[in-house]
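Printed here is upload-v2.txt (compact mmCIF, C-alpha atoms):
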# COMPACT_ATOMS: atom_id res chain seq x y z
CA MET A 1 114.91 132.32 121.39
CA ARG A 2 113.62 128.82 122.06
CA PHE A 3 112.07 126.51 119.49
CA LEU A 4 110.88 122.92 119.23
CA HIS A 5 112.54 120.78 116.54
CA THR A 6 110.52 117.89 115.12
CA ALA A 7 110.34 116.14 111.73
CA ASP A 8 109.19 113.08 109.79
CA TRP A 9 105.57 113.01 110.90
CA HIS A 10 104.67 110.84 107.86
CA ILE A 11 100.94 111.47 108.23
CA GLY A 12 99.09 108.69 106.40
CA LYS A 13 101.73 106.04 107.02
CA LYS A 14 100.70 102.48 107.79
CA LEU A 15 102.65 99.91 109.76
CA HIS A 16 102.19 96.61 107.91
CA ASP A 17 98.58 97.52 106.96
CA PHE A 18 97.75 98.91 110.41
CA SER A 19 96.65 102.56 110.30
CA LEU A 20 98.75 104.84 112.51
CA ALA A 21 96.30 107.76 112.47
CA GLU A 22 95.31 107.28 116.12
CA ASP A 23 98.94 106.92 117.22
CA GLN A 24 99.97 109.99 115.24
CA ALA A 25 97.18 112.03 116.81
CA ALA A 26 98.36 110.99 120.28
CA ALA A 27 101.98 111.90 119.43
CA PHE A 28 100.86 115.29 118.13
CA ASP A 29 98.97 116.00 121.36
CA GLN A 30 102.21 115.40 123.27
CA ILE A 31 104.21 117.62 120.91
CA GLU A 32 101.67 120.40 121.39
CA ARG A 33 101.80 119.98 125.16
CA LEU A 34 105.62 120.09 125.15
CA ALA A 35 105.56 123.27 123.07
CA LYS A 36 103.33 124.87 125.70
CA ASP A 37 105.17 123.46 128.71
CA TYR A 38 108.54 124.68 127.42
CA GLN A 39 106.99 127.96 126.26
CA VAL A 40 108.70 127.78 122.90
CA ASP A 41 108.70 130.73 120.52
CA ALA A 42 108.28 128.59 117.40
CA VAL A 43 107.94 125.02 116.10
CA VAL A 44 110.26 123.68 113.38
CA ILE A 45 109.12 120.73 111.21
CA ALA A 46 112.05 119.49 109.10
CA GLY A 47 110.22 117.73 106.28
CA ASP A 48 108.16 114.62 105.50
CA LEU A 49 104.92 115.96 106.89
CA TYR A 50 103.11 113.39 104.74
CA ASP A 51 104.08 109.80 104.01
CA ARG A 52 103.04 109.96 100.36
CA GLY A 53 103.24 112.59 97.67
CA LEU A 54 99.60 111.98 96.83
CA ALA A 55 98.18 112.08 100.35
CA SER A 56 94.73 110.68 101.08
CA GLU A 57 91.82 112.96 101.98
CA GLN A 58 91.98 111.66 105.56
CA SER A 59 95.70 112.43 105.79
CA VAL A 60 95.24 115.97 104.45
CA GLU A 61 92.45 116.59 106.94
CA GLN A 62 94.54 115.24 109.83
CA LEU A 63 97.66 117.25 109.01
CA ASN A 64 95.68 120.44 108.37
CA GLY A 65 94.02 120.02 111.75
CA MET A 66 97.40 119.69 113.46
CA LEU A 67 98.90 122.73 111.74
CA LYS A 68 95.83 124.85 112.43
CA GLN A 69 95.91 123.85 116.08
CA LEU A 70 99.51 124.93 116.54
CA ASN A 71 99.40 128.04 114.38
CA LEU A 72 95.89 129.46 114.61
CA ASN A 73 94.70 128.24 118.01
CA ASP A 74 97.98 128.13 119.96
CA HIS A 75 99.40 131.13 118.04
CA LEU A 76 102.77 129.43 117.56
CA PRO A 77 104.93 130.42 114.57
CA LEU A 78 105.68 127.42 112.33
CA LEU A 79 108.76 126.91 110.17
CA ALA A 80 108.42 123.89 107.87
CA ILE A 81 109.94 122.41 104.72
CA SER A 82 108.97 119.66 102.29
CA GLY A 83 110.78 116.32 102.51
CA ASN A 84 111.38 113.55 100.01
CA HIS A 85 108.04 111.92 100.87
CA ASP A 86 106.07 115.13 100.33
CA SER A 87 104.77 116.52 97.08
CA ALA A 88 106.35 119.97 97.21
CA ALA A 89 103.79 121.43 94.80
CA ARG A 90 100.77 120.08 96.70
CA LEU A 91 102.20 120.95 100.11
CA ALA A 92 102.89 124.52 98.98
CA THR A 93 99.22 125.22 98.24
CA GLY A 94 98.26 128.21 100.34
CA SER A 95 101.80 129.02 101.47
CA GLU A 96 101.56 132.58 100.11
CA TRP A 97 98.98 133.55 102.70
CA PHE A 98 100.22 131.26 105.49
CA GLU A 99 102.88 133.84 106.33
CA THR A 100 100.22 136.27 107.56
CA THR A 101 99.90 133.99 110.61
CA ASP A 102 103.64 133.29 110.92
CA PHE A 103 103.48 129.94 109.17
CA TYR A 104 106.54 129.73 106.93
CA LEU A 105 106.49 126.75 104.57
CA HIS A 106 109.28 126.51 102.02
CA THR A 107 109.12 123.90 99.26
CA THR A 108 111.50 125.31 96.62
CA LEU A 109 115.25 125.77 96.50
CA ALA A 110 114.81 129.50 95.82
CA GLY A 111 112.90 129.86 99.07
CA ALA A 112 115.97 128.66 100.99
CA PHE A 113 117.58 132.03 100.24
CA GLU A 114 114.77 134.00 101.87
CA PRO A 115 115.73 133.81 105.56
CA ILE A 116 113.02 134.14 108.21
CA THR A 117 114.05 136.35 111.11
CA MET A 118 112.50 135.71 114.51
CA MET A 119 113.80 137.43 117.60
CA ASP A 120 117.58 136.79 117.71
CA THR A 121 117.62 134.13 114.97
CA GLN A 122 117.69 133.82 111.19
CA PHE A 123 116.12 130.59 109.88
CA PHE A 124 117.12 129.21 106.48
CA LEU A 125 114.53 126.71 105.29
CA LEU A 126 116.08 124.27 102.79
CA PRO A 127 113.56 121.71 101.48
CA PHE A 128 114.52 118.36 99.99
CA PHE A 129 116.04 118.98 96.56
CA ASN A 130 117.61 117.12 93.66
CA LEU A 131 120.72 118.03 91.69
CA GLN A 132 118.75 119.24 88.69
CA ALA A 133 117.08 121.91 90.80
CA VAL A 134 120.55 123.10 91.88
CA ARG A 135 121.79 123.13 88.28
CA ASN A 136 118.77 125.14 87.17
CA TYR A 137 119.08 127.66 89.99
CA PHE A 138 122.84 128.28 89.83
CA LYS A 139 123.21 127.69 86.07
CA GLN A 140 126.13 125.34 86.75
CA ASP A 141 126.86 121.70 85.95
CA VAL A 142 126.72 120.37 89.50
CA LYS A 143 127.58 116.67 89.76
CA THR A 144 127.69 115.84 93.49
CA ILE A 145 125.76 116.64 96.63
CA SER A 146 128.92 118.15 98.12
CA GLN A 147 129.23 120.60 95.23
CA ALA A 148 125.55 121.45 95.51
CA MET A 149 125.70 122.13 99.25
CA THR A 150 128.84 124.23 98.86
CA LEU A 151 126.97 126.56 96.47
CA ILE A 152 123.87 126.61 98.67
CA VAL A 153 125.69 127.31 101.93
CA ASP A 154 127.94 129.97 100.36
CA GLN A 155 124.89 131.87 99.15
CA MET A 156 123.18 131.55 102.53
CA LYS A 157 126.28 132.88 104.30
CA GLN A 158 126.11 136.01 102.15
CA LEU A 159 122.70 136.63 103.74
CA PHE A 160 123.86 136.14 107.33
CA ASP A 161 123.00 138.99 109.68
CA PRO A 162 126.06 139.17 111.97
CA THR A 163 123.88 140.30 114.86
CA LYS A 164 121.74 137.15 114.69
CA LYS A 165 122.05 133.42 115.31
CA HIS A 166 121.75 131.27 112.19
CA VAL A 167 119.70 128.07 112.01
CA LEU A 168 119.47 125.76 108.98
CA VAL A 169 116.37 123.57 108.64
CA ALA A 170 117.00 120.80 106.09
CA HIS A 171 116.03 117.30 104.99
CA PHE A 172 118.91 115.06 103.89
CA PHE A 173 121.39 112.39 104.96
CA ALA A 174 124.38 113.93 106.74
CA ALA A 175 127.78 112.25 106.66
CA GLY A 176 128.31 110.02 109.67
CA SER A 177 124.61 109.24 110.13
CA THR A 178 123.03 105.79 110.26
CA HIS A 179 119.82 104.50 108.63
CA THR A 180 116.89 102.48 109.98
CA ASP A 181 114.69 100.23 107.85
CA SER A 182 111.76 102.63 107.58
CA GLU A 183 113.78 105.33 105.83
CA ILE A 184 114.13 105.54 102.08
CA GLN A 185 117.78 106.18 101.37
CA VAL A 186 118.15 109.24 99.19
CA GLU A 187 121.06 109.10 96.79
CA VAL A 188 121.84 112.20 94.80
CA GLY A 189 124.51 112.23 92.13
CA GLY A 190 125.94 108.94 93.32
CA LEU A 191 126.53 110.25 96.85
CA ASP A 192 123.91 110.32 99.57
CA ALA A 193 125.71 112.15 102.36
CA VAL A 194 126.11 115.87 102.93
CA PRO A 195 129.51 116.56 104.56
CA THR A 196 128.87 118.05 107.98
CA THR A 197 131.95 120.25 107.63
CA LEU A 198 130.01 122.36 105.13
CA LEU A 199 127.48 123.26 107.83
CA LYS A 200 129.85 124.39 110.59
CA ASP A 201 128.96 128.09 110.22
CA PHE A 202 125.39 127.54 111.39
CA ASP A 203 124.63 127.87 115.09
CA TYR A 204 122.26 124.89 114.78
CA VAL A 205 121.18 122.53 111.98
CA ALA A 206 117.69 121.07 112.46
CA LEU A 207 117.56 117.94 110.31
CA GLY A 208 114.85 115.64 109.06
CA HIS A 209 114.91 112.41 107.01
CA LEU A 210 116.47 109.90 109.45
CA HIS A 211 114.13 108.49 112.07
CA ASN A 212 116.73 107.90 114.77
CA PRO A 213 117.37 111.02 116.88
CA ARG A 214 120.82 109.64 117.73
CA ALA A 215 121.77 109.00 114.11
CA LEU A 216 124.06 112.02 114.23
CA ASN A 217 125.77 113.27 117.38
CA GLU A 218 127.25 116.57 116.30
CA GLU A 219 126.96 119.14 119.08
CA ARG A 220 124.90 121.61 117.03
CA MET A 221 123.53 119.35 114.33
CA ARG A 222 120.74 116.87 115.12
CA TYR A 223 117.95 114.78 113.68
CA SER A 224 114.77 114.97 115.68
CA GLY A 225 113.77 111.52 114.49
CA SER A 226 110.18 110.53 113.80
CA PRO A 227 107.55 110.85 116.56
CA LEU A 228 106.61 107.17 116.13
CA LYS A 229 108.38 103.87 115.50
CA PHE A 230 107.88 103.05 111.83
CA SER A 231 109.83 99.78 111.57
CA VAL A 232 110.94 96.87 113.75
CA SER A 233 114.52 98.17 113.53
CA GLU A 234 113.31 101.16 115.59
CA ALA A 235 111.77 99.06 118.38
CA ASN A 236 114.45 100.03 120.92
CA LEU A 237 114.61 103.71 119.99
CA GLN A 238 113.20 106.38 122.24
CA LYS A 239 111.19 108.92 120.27
CA GLY A 240 110.90 112.58 121.10
CA VAL A 241 111.71 116.16 120.07
CA TRP A 242 114.53 118.60 120.68
CA ILE A 243 114.01 121.85 122.55
CA VAL A 244 116.62 124.30 121.25
CA ASP A 245 117.74 127.47 123.00
CA THR A 246 119.82 129.75 120.78
CA ASP A 247 121.44 132.08 123.34
CA PRO A 248 123.02 130.67 125.34
CA PHE A 249 122.92 127.56 123.19
CA LYS A 250 121.28 124.57 124.86
CA LEU A 251 119.75 121.31 123.64
CA THR A 252 117.07 119.54 125.71
CA TRP A 253 115.67 116.13 124.76
CA ALA A 254 111.92 115.78 125.41
CA PRO A 255 110.70 112.16 125.05
CA LEU A 256 107.37 111.07 123.60
CA GLN A 257 105.40 108.10 124.94
CA PRO A 258 103.68 105.96 122.28
CA LYS A 259 99.97 105.24 122.58
CA HIS A 260 100.76 101.78 121.21
CA ASP A 261 104.39 100.71 121.39
CA LEU A 262 106.28 98.51 118.91
CA ILE A 263 107.81 95.57 120.77
CA VAL A 264 109.78 92.43 119.87
CA LEU A 265 108.85 89.17 121.61
CA GLU A 266 111.06 86.09 121.34
CA GLY A 267 110.20 82.59 122.47
CA SER A 268 108.68 79.26 121.56
CA PHE A 269 105.08 78.93 120.44
CA ASP A 270 104.15 77.50 123.84
CA GLU A 271 105.90 80.35 125.68
CA LEU A 272 104.13 82.90 123.53
CA THR A 273 100.68 81.33 123.92
CA LYS A 274 100.76 79.66 127.36
CA GLY A 275 103.82 80.76 129.34
CA LYS A 276 105.04 83.93 131.03
CA ILE A 277 105.20 85.89 127.80
CA ALA A 278 101.58 85.11 127.07
CA ALA A 279 100.53 86.09 130.59
CA GLN A 280 102.37 89.41 130.39
CA TYR A 281 101.25 90.46 126.92
CA ASP A 282 97.88 88.73 126.48
CA GLN A 283 95.67 90.80 124.15
CA THR A 284 98.18 93.65 124.11
CA GLN A 285 97.31 96.51 121.79
CA ASP A 286 100.98 97.19 121.10
CA TYR A 287 102.42 96.38 117.68
CA VAL A 288 104.32 93.10 117.98
CA ALA A 289 107.20 91.54 116.07
CA ILE A 290 107.57 87.82 116.84
CA ARG A 291 110.85 85.91 116.92
CA LEU A 292 109.71 82.28 117.05
CA THR A 293 112.35 79.85 118.30
CA ASP A 294 110.55 76.59 117.31
CA THR A 295 112.03 74.48 114.53
CA LYS A 296 108.95 72.38 113.75
CA LEU A 297 106.08 73.40 111.52
CA ILE A 298 103.07 74.89 113.33
CA ASN A 299 99.66 74.76 111.70
CA ASP A 300 97.67 78.00 111.31
CA LEU A 301 100.48 79.87 113.04
CA MET A 302 99.48 83.46 112.29
CA ASN A 303 95.83 83.12 113.31
CA ARG A 304 96.73 81.30 116.52
CA LEU A 305 99.25 83.97 117.50
CA ARG A 306 96.91 86.80 116.58
CA ALA A 307 94.37 85.42 119.01
CA ARG A 308 96.71 86.77 121.72
CA TYR A 309 98.59 89.46 119.81
CA PRO A 310 96.11 91.23 117.48
CA LYS A 311 98.68 93.66 116.03
CA ILE A 312 101.40 91.34 114.77
CA VAL A 313 103.52 93.17 112.19
CA GLU A 314 106.15 90.49 111.59
CA ILE A 315 107.01 86.87 112.36
CA LYS A 316 110.54 85.55 111.90
CA ARG A 317 111.78 82.05 112.61
CA PRO A 318 115.57 82.17 113.00
CA ASN A 319 115.83 78.49 113.87
CA GLN A 320 113.65 77.13 111.10
CA GLN A 321 115.57 75.22 108.45
CA ASP A 322 113.90 76.46 105.32
CA ASP A 323 116.55 75.51 102.80
CA VAL A 324 116.90 71.75 102.56
CA SER A 325 119.25 70.54 99.88
CA ILE A 326 118.12 67.29 98.36
CA ALA A 327 121.66 66.91 97.02
CA THR A 328 122.97 66.46 100.56
CA MET A 329 120.71 63.45 101.18
CA THR A 330 121.82 59.85 100.82
CA THR A 331 120.56 58.52 97.54
CA ALA A 332 122.00 55.03 97.70
CA SER A 333 118.52 53.80 98.44
CA HIS A 334 115.72 54.82 96.12
CA ASP A 335 113.03 53.46 98.41
CA PRO A 336 110.50 56.33 98.69
CA LEU A 337 109.86 55.83 102.41
CA THR A 338 113.58 55.80 103.18
CA LEU A 339 114.05 59.00 101.22
CA LEU A 340 111.08 60.50 103.08
CA ASP A 341 112.70 59.55 106.41
CA GLU A 342 115.93 61.26 105.37
CA PHE A 343 114.14 64.37 104.12
CA TYR A 344 112.07 64.69 107.32
CA GLU A 345 115.21 64.39 109.41
CA LYS A 346 116.81 67.23 107.44
CA VAL A 347 113.80 69.47 108.02
CA HIS A 348 113.32 68.50 111.67
CA PRO A 349 116.67 67.36 113.13
CA ASP A 350 115.13 66.72 116.55
CA GLN A 351 112.27 64.50 115.27
CA GLN A 352 111.52 61.35 113.31
CA LEU A 353 108.48 60.17 111.39
CA ASP A 354 106.15 58.32 113.74
CA ASP A 355 104.28 55.13 112.79
CA GLN A 356 101.07 56.95 111.95
CA GLN A 357 102.86 59.36 109.59
CA ARG A 358 104.64 56.46 107.88
CA GLN A 359 101.30 54.68 107.39
CA TRP A 360 99.79 57.81 105.80
CA ALA A 361 102.82 58.16 103.51
CA SER A 362 102.72 54.49 102.55
CA ALA A 363 99.00 54.68 101.73
CA ALA A 364 99.56 57.79 99.62
CA LEU A 365 102.40 56.12 97.71
CA THR A 366 100.31 52.99 97.10
CA LYS A 367 97.49 55.16 95.70
CA VAL A 368 99.87 56.94 93.34
CA GLU A 369 101.29 53.63 92.07
CA GLU A 370 97.77 52.26 91.47
CA GLU A 371 96.80 55.34 89.48
CA LYS A 372 99.88 54.91 87.26
CA GLN A 373 98.77 51.43 86.20

Entire entry expressed as structure tokens:
Amino acid sequence: MRFLHTADWHIGKKLHDFSLAEDQAAAFDQIERLAKDYQVDAVVIAGDLYDRGLASEQSVEQLNGMLKQLNLNDHLPLLAISGNHDSAARLATGSEWFETTDFYLHTTLAGAFEPITMMDTQFFLLPFFNLQAVRNYFKQDVKTISQAMTLIVDQMKQLFDPTKKHVLVAHFFAAGSTHTDSEIQVEVGGLDAVPTTLLKDFDYVALGHLHNPRALNEERMRYSGSPLKFSVSEANLQKGVWIVDTDPFKLTWAPLQPKHDLIVLEGSFDELTKGKIAAQYDQTQDYVAIRLTDTKLINDLMNRLRARYPKIVEIKRPNQQDDVSIATMTTASHDPLTLLDEFYEKVHPDQQLDDQQRQWASAALTKVEEEKQ
């Protein structure tokens, strides 16, 4: 069979106070189109459908609309699990009758041992779990994620149909993977990584939780990554979904194009507001992270930059000398203006106080001395 592997939709997420609802709707439209173009037999969503456990009314409405479109209108079977961002109990509402339309949503550990058979494949849907859930289910004192997964996989293997392919859908951090800033690292029992060697008996492992589709490069074990860029650390990542063929096994990467990209612009204030950068990106609707190379202070910086880049999500100034140690200054002279000269030079190595600034400082000092008397 052929299925589409996606995950980490995070419906309801904001990017530095900017709503991503419009961008998420555009990404979903592309996912739906890819499912049709590739004529997939099912869609797998490996957790984190929502961004928050207590999703807003708007988020619930948006996600429900997406799931209905795929399942009821497009008649595509859905296989989904809850992730660490989801409220398993809330997400499970209605799951008992979802199966009548081939929508399989598992949110409990027990459900992972109820394989879903479609065509030539058995799907094992393992939602995000904690160690206490494993202890309660197996009645054992499990202390590590490795111990937990050994028990889970051993029980799944007892349910393997030898005439079928076996696919695990899960939401965790696999050993050898790498994080990006938008992911919340999940640590269970002091260890946060599931050893990939425990999963070798599956024909494919469809993972969620990490937002980089290249975070793990095992031949038959992949993260789909998130459909959108959720942090500046993801600016250079290509987003997309995996198209998985089970027999013969084949992985096809299908990229997604963002409605509004997340880009990093680096340059001086003048370059960003008057030069080539400004000309190329003037009034861009992309989300922008600024790397400002100036060392001097710039008045009303954010508002002036937002006049050209309305969706600024971050400004960093790598060359600005924020930490000035007074202890490193010469204190042989206690003359206030001399000390001010030295301090200004520490803050702005390429500048000196001009005559007008010294006059203002002198007048301010004179006023302070008069008020003391």

Next on the checklist: Using all atoms listed in the file, which protein or nucleic acid residues come within 8 Å of range 281-297 of chain A? Drop anything in the same chain fewer than 5 positions from it, and give the result as a PyMOL selection string.
Outcome noted: chain A and resi 232+260-269+307-321+348

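The spacing separating CA of Phe28 in chain A from CA of Ile243 in chain A amounts to 15.3 Å.
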
Would you list the contacts of Trp242 in chain A as a PDB file with C-alpha atoms, in the frame of the given file, taking every protein, DNA or RNA residue within 6 Å and counting all atoms listed in the file, but skipping same-chain residues closer than 6 positions in sequence?
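Wrote it out as out_29.pdb, contents follow:
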ATOM      1  CA  LEU A   4     110.880 122.920 119.230  1.00  0.00           C
ATOM      2  CA  HIS A   5     112.540 120.780 116.540  1.00  0.00           C
ATOM      3  CA  THR A 252     117.070 119.540 125.710  1.00  0.00           C
ATOM      4  CA  TRP A 253     115.670 116.130 124.760  1.00  0.00           C
TER       5      TRP A 253
END

Checklist entry - Within 9 Å of (115.8, 128.8, 103.6), in the coordinates the file gives, what residues turn up when you count only C-alpha atoms, written out as a PyMOL selection string? => result chain A and resi 81+106+108-116+123-127+156+168-170

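Among the candidates A:Ile11, A:Val44, A:Ala174, A:Met118, the residue lying nearest to Met66 in chain A is A:Ile11 (atoms considered: all atoms listed in the file).
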
Item to check | Separation of CA of Asp300 in chain A from CA of Ser19 in chain A, in Å and rounded to one decimal | outcome: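 These atoms are spaced 24.6 Å apart.
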